[in-house]
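Enquirer: This is entry05.pdb (PDB, C-alpha atoms).
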ATOM      1  CA  MET X  12      73.129 412.971 160.144
ATOM      2  CA  GLN X  13      75.972 414.999 161.658
ATOM      3  CA  ARG X  14      73.500 417.727 162.601
ATOM      4  CA  ARG X  15      71.299 415.175 164.332
ATOM      5  CA  ILE X  16      74.270 413.817 166.311
ATOM      6  CA  LEU X  17      75.360 417.339 167.333
ATOM      7  CA  CYS X  18      71.853 418.126 168.588
ATOM      8  CA  LEU X  19      71.759 414.907 170.579
ATOM      9  CA  VAL X  20      75.166 415.606 172.171
ATOM     10  CA  ALA X  21      74.121 419.179 173.021
ATOM     11  CA  LEU X  22      70.926 417.982 174.632
ATOM     12  CA  LEU X  23      72.772 415.396 176.706
ATOM     13  CA  SER X  24      75.428 417.950 177.743
ATOM     14  CA  PHE X  25      72.996 420.482 179.196
ATOM     15  CA  GLY X  26      70.900 417.747 180.817
ATOM     16  CA  VAL X  27      68.504 418.684 183.634
ATOM     17  CA  PRO X  28      70.184 421.504 185.736
ATOM     18  CA  SER X  29      67.781 421.256 188.705
ATOM     19  CA  ALA X  30      69.030 417.743 189.452
ATOM     20  CA  TRP X  31      72.570 419.087 189.975
ATOM     21  CA  ALA X  32      71.529 421.387 192.829
ATOM     22  CA  ALA X  33      69.124 421.503 195.718
ATOM     23  CA  THR X  34      68.114 424.618 197.655
ATOM     24  CA  GLU X  35      66.296 424.822 200.968
ATOM     25  CA  THR X  36      65.073 427.933 202.767
ATOM     26  CA  ILE X  37      65.990 427.568 206.430
ATOM     27  CA  THR X  38      64.011 429.361 209.146
ATOM     28  CA  ALA X  39      65.648 430.182 212.478
ATOM     29  CA  ASN X  40      63.138 430.330 215.335
ATOM     30  CA  ILE X  41      63.570 432.599 218.360
ATOM     31  CA  GLY X  42      61.165 433.833 221.049
ATOM     32  CA  PHE X  43      61.294 436.686 223.564
ATOM     33  CA  ASP X  44      60.230 436.900 227.170
ATOM     34  CA  GLU X  45      60.868 438.510 230.538
ATOM     35  CA  PRO X  46      63.817 437.356 232.638
ATOM     36  CA  LEU X  47      63.192 435.848 236.074
ATOM     37  CA  ALA X  48      63.759 437.917 239.172
ATOM     38  CA  ILE X  49      63.335 437.354 242.896
ATOM     39  CA  VAL X  50      62.260 440.558 244.579
ATOM     40  CA  SER X  51      62.099 441.398 248.271
ATOM     41  CA  PHE X  52      59.179 442.998 250.055
ATOM     42  CA  GLY X  53      60.670 442.761 253.504
ATOM     43  CA  GLY X  54      64.286 441.804 253.084
ATOM     44  CA  TYR X  55      65.825 438.551 251.883
ATOM     45  CA  SER X  56      65.874 437.043 255.364
ATOM     46  CA  VAL X  57      64.058 434.578 257.598
ATOM     47  CA  GLU X  58      63.772 436.005 261.132
ATOM     48  CA  PHE X  59      64.013 433.806 264.245
ATOM     49  CA  GLY X  60      63.982 436.528 266.865
ATOM     50  CA  THR X  61      66.034 435.929 270.032
ATOM     51  CA  VAL X  62      66.431 432.485 271.622
ATOM     52  CA  ARG X  63      68.061 431.086 274.763
ATOM     53  CA  ALA X  64      71.877 431.181 274.747
ATOM     54  CA  GLY X  65      73.954 428.137 275.650
ATOM     55  CA  VAL X  66      71.237 425.612 274.788
ATOM     56  CA  ALA X  67      71.244 423.275 271.811
ATOM     57  CA  ASP X  68      67.928 423.189 270.026
ATOM     58  CA  VAL X  69      66.334 423.050 266.583
ATOM     59  CA  PHE X  70      64.143 425.963 265.613
ATOM     60  CA  THR X  71      61.776 425.960 262.647
ATOM     61  CA  LEU X  72      59.927 428.828 261.016
ATOM     62  CA  SER X  73      57.017 427.546 258.949
ATOM     63  CA  TYR X  74      53.919 428.958 257.293
ATOM     64  CA  ALA X  75      51.537 426.770 259.248
ATOM     65  CA  SER X  76      53.020 427.048 262.735
ATOM     66  CA  GLY X  77      55.215 430.119 262.830
ATOM     67  CA  LEU X  78      58.326 429.751 265.060
ATOM     68  CA  THR X  79      58.645 426.457 266.942
ATOM     69  CA  ALA X  80      61.418 424.815 269.006
ATOM     70  CA  GLN X  81      62.013 421.087 268.892
ATOM     71  CA  ASN X  82      63.097 420.656 272.539
ATOM     72  CA  SER X  83      61.340 423.394 274.455
ATOM     73  CA  SER X  84      59.237 426.397 273.508
ATOM     74  CA  GLY X  85      60.813 428.002 276.545
ATOM     75  CA  ASN X  86      63.960 428.456 274.477
ATOM     76  CA  ILE X  87      62.103 431.018 272.351
ATOM     77  CA  LEU X  88      62.547 434.330 274.163
ATOM     78  CA  TYR X  89      61.432 437.401 272.217
ATOM     79  CA  GLY X  90      61.628 439.465 269.025
ATOM     80  CA  PHE X  91      60.026 439.377 265.624
ATOM     81  CA  ALA X  92      59.952 435.988 263.926
ATOM     82  CA  GLY X  93      58.709 435.566 260.386
ATOM     83  CA  MET X  94      59.260 433.957 257.004
ATOM     84  CA  ALA X  95      61.107 435.760 254.213
ATOM     85  CA  ASP X  96      58.598 437.818 252.233
ATOM     86  CA  LEU X  97      59.633 437.701 248.598
ATOM     87  CA  GLY X  98      58.172 437.792 245.113
ATOM     88  CA  VAL X  99      59.013 436.204 241.784
ATOM     89  CA  SER X 100      58.522 438.064 238.490
ATOM     90  CA  GLY X 101      59.051 436.891 234.902
ATOM     91  CA  SER X 102      57.202 435.207 232.104
ATOM     92  CA  ALA X 103      53.430 435.154 231.880
ATOM     93  CA  THR X 104      53.556 431.806 230.074
ATOM     94  CA  GLN X 105      56.579 429.780 231.179
ATOM     95  CA  SER X 106      56.488 427.666 234.350
ATOM     96  CA  ILE X 107      59.275 427.729 236.897
ATOM     97  CA  GLN X 108      61.136 425.521 239.350
ATOM     98  CA  PHE X 109      62.861 426.369 242.630
ATOM     99  CA  SER X 110      66.010 424.943 244.135
ATOM    100  CA  ALA X 111      67.642 425.473 247.521
ATOM    101  CA  SER X 112      71.301 424.746 248.010
ATOM    102  CA  ASN X 113      74.576 425.900 249.524
ATOM    103  CA  TYR X 114      73.435 425.871 253.130
ATOM    104  CA  VAL X 115      76.219 427.619 255.077
ATOM    105  CA  ALA X 116      76.455 427.558 258.862
ATOM    106  CA  ASP X 117      77.515 430.497 261.002
ATOM    107  CA  ASN X 118      78.588 430.661 264.657
ATOM    108  CA  GLY X 119      77.347 427.176 265.421
ATOM    109  CA  VAL X 120      73.974 427.637 263.680
ATOM    110  CA  THR X 121      73.287 425.396 260.663
ATOM    111  CA  PRO X 122      70.395 426.075 258.267
ATOM    112  CA  SER X 123      68.467 423.339 256.433
ATOM    113  CA  ASP X 124      65.119 422.337 254.912
ATOM    114  CA  ALA X 125      63.969 425.602 253.358
ATOM    115  CA  THR X 126      60.214 425.584 252.692
ATOM    116  CA  CYS X 127      58.327 427.724 250.183
ATOM    117  CA  VAL X 128      54.800 428.998 249.804
ATOM    118  CA  TYR X 129      54.498 430.167 246.182
ATOM    119  CA  GLY X 130      51.385 432.051 245.218
ATOM    120  CA  ASN X 131      48.371 430.251 246.659
ATOM    121  CA  THR X 132      49.971 426.794 246.707
ATOM    122  CA  ALA X 133      50.546 424.745 249.857
ATOM    123  CA  ALA X 134      53.847 424.997 251.696
ATOM    124  CA  ALA X 135      56.433 422.544 250.378
ATOM    125  CA  PRO X 136      60.195 422.059 250.356
ATOM    126  CA  CYS X 137      61.671 424.754 248.122
ATOM    127  CA  ASP X 138      64.121 422.375 246.483
ATOM    128  CA  GLY X 139      62.464 420.989 243.385
ATOM    129  CA  LEU X 140      59.231 422.898 243.862
ATOM    130  CA  LEU X 141      57.406 423.608 240.598
ATOM    131  CA  GLY X 142      55.431 426.767 240.064
ATOM    132  CA  ASP X 143      53.117 428.435 237.572
ATOM    133  CA  PRO X 144      54.335 431.312 235.414
ATOM    134  CA  PRO X 145      55.087 434.197 237.738
ATOM    135  CA  GLY X 146      53.886 436.871 235.318
ATOM    136  CA  GLY X 147      55.325 440.240 234.588
ATOM    137  CA  GLY X 148      54.577 443.486 236.356
ATOM    138  CA  PHE X 149      53.512 442.607 239.896
ATOM    139  CA  ALA X 150      55.430 439.615 241.233
ATOM    140  CA  THR X 151      53.907 436.355 242.454
ATOM    141  CA  ASP X 152      54.236 436.152 246.216
ATOM    142  CA  LEU X 153      56.812 433.784 247.716
ATOM    143  CA  LYS X 154      57.234 433.122 251.422
ATOM    144  CA  VAL X 155      60.262 431.161 252.606
ATOM    145  CA  GLY X 156      60.637 429.305 255.892
ATOM    146  CA  LEU X 157      63.669 427.495 257.323
ATOM    147  CA  THR X 158      65.011 425.171 260.012
ATOM    148  CA  ILE X 159      68.116 426.099 261.999
ATOM    149  CA  THR X 160      70.074 423.768 264.274
ATOM    150  CA  VAL X 161      71.724 425.580 267.185
ATOM    151  CA  ASP X 162      74.664 423.776 268.828
ATOM    152  CA  GLY X 163      74.432 425.583 272.183
ATOM    153  CA  THR X 164      77.898 427.164 272.088
ATOM    154  CA  GLN X 165      76.556 430.676 271.807
ATOM    155  CA  THR X 166      76.625 433.156 274.678
ATOM    156  CA  ALA X 167      74.230 435.978 275.415
ATOM    157  CA  GLY X 168      74.646 438.916 273.046
ATOM    158  CA  GLU X 169      75.998 436.856 270.174
ATOM    159  CA  THR X 170      74.241 436.584 266.824
ATOM    160  CA  ALA X 171      74.411 434.214 263.881
ATOM    161  CA  ALA X 172      73.585 434.718 260.198
ATOM    162  CA  PRO X 173      73.617 431.358 258.415
ATOM    163  CA  THR X 174      72.721 431.462 254.721
ATOM    164  CA  PHE X 175      71.489 429.402 251.803
ATOM    165  CA  ASP X 176      70.900 429.991 248.080
ATOM    166  CA  LEU X 177      67.395 430.039 246.675
ATOM    167  CA  ALA X 178      67.266 429.787 242.886
ATOM    168  CA  VAL X 179      64.376 429.880 240.457
ATOM    169  CA  ILE X 180      64.688 428.768 236.842
ATOM    170  CA  TYR X 181      62.417 428.449 233.871
ATOM    171  CA  GLN X 182      61.359 424.874 233.218
TER     172      GLN X 182
ATOM    173  CA  MET Z  19      79.039 411.282 119.604
ATOM    174  CA  LYS Z  20      78.748 407.745 120.681
ATOM    175  CA  LEU Z  21      81.470 406.371 122.896
ATOM    176  CA  PRO Z  22      82.616 402.778 122.552
ATOM    177  CA  LEU Z  23      81.524 400.415 125.345
ATOM    178  CA  SER Z  24      85.018 400.089 126.709
ATOM    179  CA  GLN Z  25      85.283 403.862 127.166
ATOM    180  CA  LEU Z  26      81.853 403.991 128.694
ATOM    181  CA  LEU Z  27      82.915 401.327 131.110
ATOM    182  CA  VAL Z  28      86.039 403.269 132.118
ATOM    183  CA  LEU Z  29      83.980 406.423 132.560
ATOM    184  CA  PHE Z  30      81.497 404.565 134.722
ATOM    185  CA  MET Z  31      84.293 403.166 136.898
ATOM    186  CA  ALA Z  32      85.811 406.620 137.273
ATOM    187  CA  LEU Z  33      82.508 408.053 138.377
ATOM    188  CA  LEU Z  34      82.098 405.256 140.870
ATOM    189  CA  ILE Z  35      85.513 405.763 142.403
ATOM    190  CA  GLY Z  36      84.989 409.547 142.493
ATOM    191  CA  LYS Z  37      81.690 409.158 144.362
ATOM    192  CA  THR Z  38      83.302 407.188 147.250
ATOM    193  CA  ALA Z  39      86.064 409.820 147.625
ATOM    194  CA  MET Z  40      83.384 412.489 148.082
ATOM    195  CA  ALA Z  41      82.074 410.809 151.270
ATOM    196  CA  ALA Z  42      83.513 409.552 154.526
ATOM    197  CA  THR Z  43      81.785 407.683 157.298
ATOM    198  CA  GLU Z  44      82.719 407.609 160.971
ATOM    199  CA  GLU Z  45      81.011 405.937 163.801
ATOM    200  CA  VAL Z  46      80.254 408.526 166.518
ATOM    201  CA  THR Z  47      79.651 407.592 170.105
ATOM    202  CA  ALA Z  48      77.386 409.593 172.407
ATOM    203  CA  ASN Z  49      78.346 409.203 176.033
ATOM    204  CA  ILE Z  50      75.850 409.470 178.844
ATOM    205  CA  ALA Z  51      76.097 408.685 182.506
ATOM    206  CA  PHE Z  52      73.502 408.449 185.199
ATOM    207  CA  ASP Z  53      73.456 409.448 188.822
ATOM    208  CA  THR Z  54      71.124 410.424 191.661
ATOM    209  CA  PRO Z  55      69.915 414.044 191.910
ATOM    210  CA  LEU Z  56      70.765 416.037 194.981
ATOM    211  CA  SER Z  57      68.129 416.566 197.632
ATOM    212  CA  ILE Z  58      67.942 418.178 201.056
ATOM    213  CA  THR Z  59      65.634 416.753 203.720
ATOM    214  CA  VAL Z  60      65.029 418.970 206.735
ATOM    215  CA  TYR Z  61      64.325 417.200 210.038
ATOM    216  CA  GLY Z  62      64.462 420.359 212.153
ATOM    217  CA  ASP Z  63      65.130 424.066 211.732
ATOM    218  CA  PRO Z  64      67.630 425.875 213.954
ATOM    219  CA  GLY Z  65      66.075 426.949 217.263
ATOM    220  CA  LEU Z  66      67.377 429.573 219.658
ATOM    221  CA  GLY Z  67      64.817 429.130 222.425
ATOM    222  CA  THR Z  68      63.469 432.140 224.294
ATOM    223  CA  VAL Z  69      65.696 435.082 225.121
ATOM    224  CA  ARG Z  70      65.372 438.296 227.074
ATOM    225  CA  ALA Z  71      63.008 440.801 225.503
ATOM    226  CA  GLY Z  72      63.996 444.417 225.031
ATOM    227  CA  VAL Z  73      67.733 443.789 224.974
ATOM    228  CA  ALA Z  74      70.010 444.071 221.949
ATOM    229  CA  GLU Z  75      72.216 441.007 221.702
ATOM    230  CA  VAL Z  76      73.939 438.667 219.272
ATOM    231  CA  TYR Z  77      73.114 434.978 219.639
ATOM    232  CA  SER Z  78      74.813 432.085 217.898
ATOM    233  CA  ILE Z  79      73.644 428.508 217.626
ATOM    234  CA  HIS Z  80      76.589 426.303 216.744
ATOM    235  CA  PRO Z  81      76.634 422.553 216.005
ATOM    236  CA  ASP Z  82      79.541 422.078 218.418
ATOM    237  CA  ASN Z  83      78.949 424.681 221.148
ATOM    238  CA  GLY Z  84      75.203 425.083 221.362
ATOM    239  CA  LEU Z  85      73.602 428.468 222.070
ATOM    240  CA  THR Z  86      75.750 431.399 223.173
ATOM    241  CA  ALA Z  87      75.138 435.117 223.730
ATOM    242  CA  GLN Z  88      77.768 437.703 222.923
ATOM    243  CA  ASN Z  89      77.012 440.145 225.774
ATOM    244  CA  SER Z  90      75.495 438.116 228.616
ATOM    245  CA  SER Z  91      74.499 434.482 228.990
ATOM    246  CA  SER Z  92      71.711 435.630 231.316
ATOM    247  CA  ASN Z  93      69.907 436.913 228.234
ATOM    248  CA  ILE Z  94      69.259 433.286 227.354
ATOM    249  CA  LEU Z  95      66.105 432.381 229.276
ATOM    250  CA  TYR Z  96      64.638 428.991 228.398
ATOM    251  CA  GLY Z  97      63.461 426.629 225.720
ATOM    252  CA  TRP Z  98      65.044 424.198 223.303
ATOM    253  CA  ALA Z  99      68.019 425.459 221.306
ATOM    254  CA  GLY Z 100      69.801 423.490 218.600
ATOM    255  CA  ALA Z 101      71.284 423.531 215.109
ATOM    256  CA  ALA Z 102      69.234 422.606 212.068
ATOM    257  CA  ASP Z 103      69.200 418.864 211.436
ATOM    258  CA  MET Z 104      69.210 417.836 207.751
ATOM    259  CA  LEU Z 105      70.066 415.002 205.417
ATOM    260  CA  ILE Z 106      71.774 415.413 202.031
ATOM    261  CA  THR Z 107      71.244 412.605 199.517
ATOM    262  CA  GLY Z 108      72.659 412.170 196.049
ATOM    263  CA  SER Z 109      75.610 410.689 194.252
ATOM    264  CA  THR Z 110      77.965 408.176 195.797
ATOM    265  CA  THR Z 111      80.813 409.454 193.620
ATOM    266  CA  ALA Z 112      80.354 413.173 192.899
ATOM    267  CA  SER Z 113      81.454 415.674 195.541
ATOM    268  CA  VAL Z 114      79.327 418.644 196.575
ATOM    269  CA  GLN Z 115      79.675 422.291 197.442
ATOM    270  CA  PHE Z 116      77.440 424.425 199.690
ATOM    271  CA  SER Z 117      76.482 428.050 199.334
ATOM    272  CA  VAL Z 118      74.391 430.409 201.433
ATOM    273  CA  ALA Z 119      72.468 433.433 200.245
ATOM    274  CA  ASN Z 120      69.423 435.587 200.764
ATOM    275  CA  TYR Z 121      69.712 436.251 204.499
ATOM    276  CA  THR Z 122      66.355 437.821 205.381
ATOM    277  CA  ALA Z 123      65.615 439.580 208.680
ATOM    278  CA  ASP Z 124      62.340 439.323 210.593
ATOM    279  CA  ASN Z 125      60.977 441.439 213.470
ATOM    280  CA  GLY Z 126      64.306 443.083 214.164
ATOM    281  CA  VAL Z 127      66.298 439.838 214.074
ATOM    282  CA  THR Z 128      68.931 439.520 211.328
ATOM    283  CA  PRO Z 129      70.573 436.180 210.435
ATOM    284  CA  SER Z 130      74.168 435.824 209.260
ATOM    285  CA  ASN Z 131      77.230 433.548 209.227
ATOM    286  CA  ALA Z 132      75.596 430.171 208.695
ATOM    287  CA  VAL Z 133      77.960 427.350 209.707
ATOM    288  CA  CYS Z 134      77.787 423.739 208.615
ATOM    289  CA  ASN Z 135      78.869 420.416 210.043
ATOM    290  CA  TYR Z 136      78.742 417.901 207.191
ATOM    291  CA  ALA Z 137      79.458 414.230 207.718
ATOM    292  CA  ASP Z 138      81.333 414.945 210.947
ATOM    293  CA  ASP Z 139      83.854 417.127 209.097
ATOM    294  CA  PRO Z 140      85.059 420.123 211.143
ATOM    295  CA  THR Z 141      82.353 422.774 211.397
ATOM    296  CA  ALA Z 142      82.972 425.590 208.935
ATOM    297  CA  ALA Z 143      81.230 428.446 207.167
ATOM    298  CA  CYS Z 144      78.581 426.922 204.922
ATOM    299  CA  ASP Z 145      79.227 429.301 202.058
ATOM    300  CA  GLY Z 146      81.768 427.718 199.769
ATOM    301  CA  MET Z 147      82.223 424.623 201.891
ATOM    302  CA  LEU Z 148      83.166 421.459 200.016
ATOM    303  CA  GLY Z 149      81.965 418.019 200.939
ATOM    304  CA  GLY Z 150      82.311 414.399 199.924
ATOM    305  CA  PRO Z 151      79.666 412.486 197.954
ATOM    306  CA  PRO Z 152      76.473 412.381 200.001
ATOM    307  CA  GLY Z 153      75.407 408.931 198.877
ATOM    308  CA  GLY Z 154      72.253 407.524 200.367
ATOM    309  CA  GLY Z 155      72.244 410.117 203.126
ATOM    310  CA  THR Z 156      74.802 412.308 204.868
ATOM    311  CA  VAL Z 157      73.877 414.293 207.942
ATOM    312  CA  LEU Z 158      74.224 418.061 207.879
ATOM    313  CA  PHE Z 159      73.918 420.288 210.959
ATOM    314  CA  VAL Z 160      73.498 424.005 210.327
ATOM    315  CA  GLY Z 161      74.030 426.789 212.834
ATOM    316  CA  VAL Z 162      73.490 430.528 212.427
ATOM    317  CA  THR Z 163      74.099 433.864 214.143
ATOM    318  CA  LEU Z 164      71.138 436.113 214.953
ATOM    319  CA  THR Z 165      71.559 439.809 215.693
ATOM    320  CA  VAL Z 166      68.657 441.026 217.831
ATOM    321  CA  ASP Z 167      68.035 444.771 217.870
ATOM    322  CA  GLY Z 168      66.249 444.856 221.237
ATOM    323  CA  THR Z 169      62.928 446.223 219.978
ATOM    324  CA  GLN Z 170      61.057 443.021 220.778
ATOM    325  CA  THR Z 171      58.651 442.726 223.733
ATOM    326  CA  ALA Z 172      57.768 439.692 225.820
ATOM    327  CA  GLY Z 173      55.663 437.209 223.891
ATOM    328  CA  GLU Z 174      56.919 438.160 220.434
ATOM    329  CA  THR Z 175      58.766 435.787 218.130
ATOM    330  CA  ALA Z 176      60.947 436.147 215.049
ATOM    331  CA  GLU Z 177      61.598 433.832 212.109
ATOM    332  CA  PRO Z 178      64.501 435.128 210.013
ATOM    333  CA  THR Z 179      65.483 432.963 207.037
ATOM    334  CA  PHE Z 180      68.297 432.168 204.624
ATOM    335  CA  ASP Z 181      68.763 429.898 201.608
ATOM    336  CA  LEU Z 182      71.138 426.953 201.730
ATOM    337  CA  THR Z 183      72.095 425.422 198.368
ATOM    338  CA  VAL Z 184      74.125 422.313 197.647
ATOM    339  CA  ILE Z 185      75.474 421.585 194.154
ATOM    340  CA  TYR Z 186      77.577 418.920 192.513
ATOM    341  CA  GLN Z 187      81.132 420.004 191.921
TER     342      GLN Z 187
END
Write the structure described by the file as structure tokens, please.
Expert:
Amino acid sequence: MQRRILCLVALLSFGVPSAWAATETITANIGFDEPLAIVSFGGYSVEFGTVRAGVADVFTLSYASGLTAQNSSGNILYGFAGMADLGVSGSATQSIQFSASNYVADNGVTPSDATCVYGNTAAAPCDGLLGDPPGGGFATDLKVGLTITVDGTQTAGETAAPTFDLAVIYQ
Amino acid sequence: MKLPLSQLLVLFMALLIGKTAMAATEEVTANIAFDTPLSITVYGDPGLGTVRAGVAEVYSIHPDNGLTAQNSSSNILYGWAGAADMLITGSTTASVQFSVANYTADNGVTPSNAVCNYADDPTAACDGMLGGPPGGGTVLFVGVTLTVDGTQTAGETAEPTFDLTVIYQ
């Protein structure tokens, strides 16, 4: 009888060990890709050429129309005018998004309304523009246009170099 | 030799008394209690998103701080990053203890230093961490550090692993 009791107690003491513990194998997931880069084929600048001094006007450089003046085309004098010729390189699989911010005026000239032509898509405001994966190796073409508001305080021989920030991020 | 009845009777009584002194009886009680077994339910593994290929770096996903890179935050490119999301169930009275083992590397990525946030207690190293009774379900967030050796190319992935165990104290 005592032996039977001892056996019963022993059995109850050791119990079912797996119920006292639980083990889970955890898997950490990580992927690898190319970082984004904006490259320049002709300089990181939008060129407006030379315009009439002492006259307030609004000049726009766009993909469809080139350089235009809001008040008078006669205020456009001479010199090369063209959009920024850039490229974007990065992932072959991850889509991107552009943003334009931090418009900074210089010598009475205020930039605004940057427009982008990314790859073969139609021109659109850069800020918020979505784009396909740029791909590695050769960059996807990006042309950037801009509007500048001239306050007319400039005199002949002066220049202005207003700026803005163009950013591209992975979505 | 024949004994008289009276002597036989005395002898019989003596034998009877002697027999009871040769035995003792005690009531023994076996004690048993019942409780709920421990279990771990995984709602999501830790994710570190997509990082820069070809660069050696150390990344940590932390329940409190999110994803960080030791050398340069620009090595973090895109994608969801977050700690593992789990539920521990078991006893409402017995405390628990965690342990971590069997860190296993994959594709040049080595895991280490798993950290746990259990029931909103301060985040701490999982290994050896004590915790209150899990009851019907106590949330556990698990972070980890990954050391990347920089041999990976764009498009590759890695899935290093480790074992997390919880036991009753």
Enquirer: So, counting all atoms listed in the file, which residue among Z:Asp124, Z:Asp138, Z:Asp63, Z:Glu75 is closest to Thr36 of chain X?
Expert: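 The answer is Z:Asp63, which sits nearest to Thr36 of chain X.
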Enquirer: How far is it from atom CA of Ala75 of chain X to atom CA of Ala134 of chain X, in Å with one decimal?
Expert: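 The value is 8.1 Å.
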Enquirer: Could you produce a table of the residues of chain X lying within 6 Å of chain Z, with the nearest pair of atoms per residue and their separation in Å rounded to one decimal, using only C-alpha atoms, ordered by chain and increasing residue number, as a Markdown table?
Expert:
| residue | atom | partner | partner_atom | distance |
| --- | --- | --- | --- | --- |
| X:Ala30 | CA | Z:Pro55 | CA | 4.5 |
| X:Trp31 | CA | Z:Tyr186 | CA | 5.6 |
| X:Ala32 | CA | Z:Ile185 | CA | 4.2 |
| X:Ala33 | CA | Z:Ser57 | CA | 5.4 |
| X:Thr34 | CA | Z:Thr183 | CA | 4.1 |
| X:Glu35 | CA | Z:Leu182 | CA | 5.3 |
| X:Thr36 | CA | Z:Asp181 | CA | 4.3 |
| X:Ile37 | CA | Z:Thr179 | CA | 5.5 |
| X:Thr38 | CA | Z:Thr179 | CA | 4.4 |
| X:Ala39 | CA | Z:Pro64 | CA | 5.0 |
| X:Asn40 | CA | Z:Gly65 | CA | 4.9 |
| X:Ile41 | CA | Z:Leu66 | CA | 5.0 |
| X:Gly42 | CA | Z:Thr175 | CA | 4.3 |
| X:Phe43 | CA | Z:Ala71 | CA | 4.9 |
| X:Asp44 | CA | Z:Ala172 | CA | 4.0 |
| X:Glu45 | CA | Z:Arg70 | CA | 5.7 |
| X:Pro46 | CA | Z:Arg70 | CA | 5.9 |
| X:Tyr181 | CA | Z:Tyr96 | CA | 5.9 |
Enquirer: Can you report as lines of an AutoDock Vina configuration file the centre and edge lengths in Å, to one decimal, of an axis-aligned box around the listed atoms of segment 164-172 of chain X padded with 6 Å on each side?
Expert:
center_x = 75.7
center_y = 433.0
center_z = 267.8
size_x = 16.3
size_y = 23.8
size_z = 27.2
Enquirer: Would you translate the PyMOL selection byres ((chain X and resi 51-55) around 10) into the concrete set of residues it matches in this file, as a list of chain:residue names?
Expert: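 Selected by the PyMOL selection byres ((chain X and resi 51-55) around 10) in this file: X:Ala48, X:Ile49, X:Val50, X:Ser56, X:Val57, X:Glu58, X:Met94, X:Ala95, X:Asp96, X:Leu97, X:Gly98, X:Val99, X:Ala150, X:Asp152, X:Leu153, X:Val155.
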Enquirer: From the list X:Ala67, X:Ile180, X:Leu141, X:Ala125, which residue is nearest Val161 of chain X when using all atoms listed in the file?
Expert: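 Of the candidates, the smallest distance to Val161 of chain X is held by X:Ala67.
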Enquirer: Compile the contact shell of Leu140 of chain X as a ChimeraX atom specification: residues with an atom at most 7 Å away, counting all atoms listed in the file, same-chain residues fewer than 3 positions apart removed.
Expert: /X:108-109,136-137
Enquirer: For the atom pair atom CA of Val133 of chain Z and atom CA of Asn89 of chain Z, what is the interatomic distance in Å to one decimal place?
Expert: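 Between atom CA of Val133 of chain Z and atom CA of Asn89 of chain Z the gap works out to 20.6 Å.
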Enquirer: Could you expand the PyMOL selection byres ((chain Z and resi 141) around 10) into the explicit residues it covers here, written as a list of chain:residue names?
Expert: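 The output of the PyMOL selection byres ((chain Z and resi 141) around 10) on this file is Z:His80, Z:Pro81, Z:Asp82, Z:Val133, Z:Cys134, Z:Asn135, Z:Tyr136, Z:Ala137, Z:Asp138, Z:Asp139, Z:Pro140, Z:Ala142, Z:Ala143, Z:Cys144, Z:Met147, Z:Phe159, Z:Val160, Z:Gly161.
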Enquirer: How far is it from atom CA of Asp138 of chain X to atom CA of Ser76 of chain X, in Å with one decimal?
Expert: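 Computed distance, atom CA of Asp138 of chain X to atom CA of Ser76 of chain X, equals 20.2 Å.
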Enquirer: When distances are computed from only C-alpha atoms, which of X:Thr121, X:Val69, X:Asp143, X:Tyr74 shows the smallest separation from Ser106 of chain X?
Expert: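 Closest to Ser106 of chain X of all the choices is X:Asp143.
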Enquirer: Applied to this file, what does the PyMOL selection byres ((chain X and resi 166) around 6) return in terms of residues, put as a list in words?
Expert: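 Residues picked by the PyMOL selection byres ((chain X and resi 166) around 6): Ala64, Gly65, Gln165, Ala167 and Glu169 of chain X.
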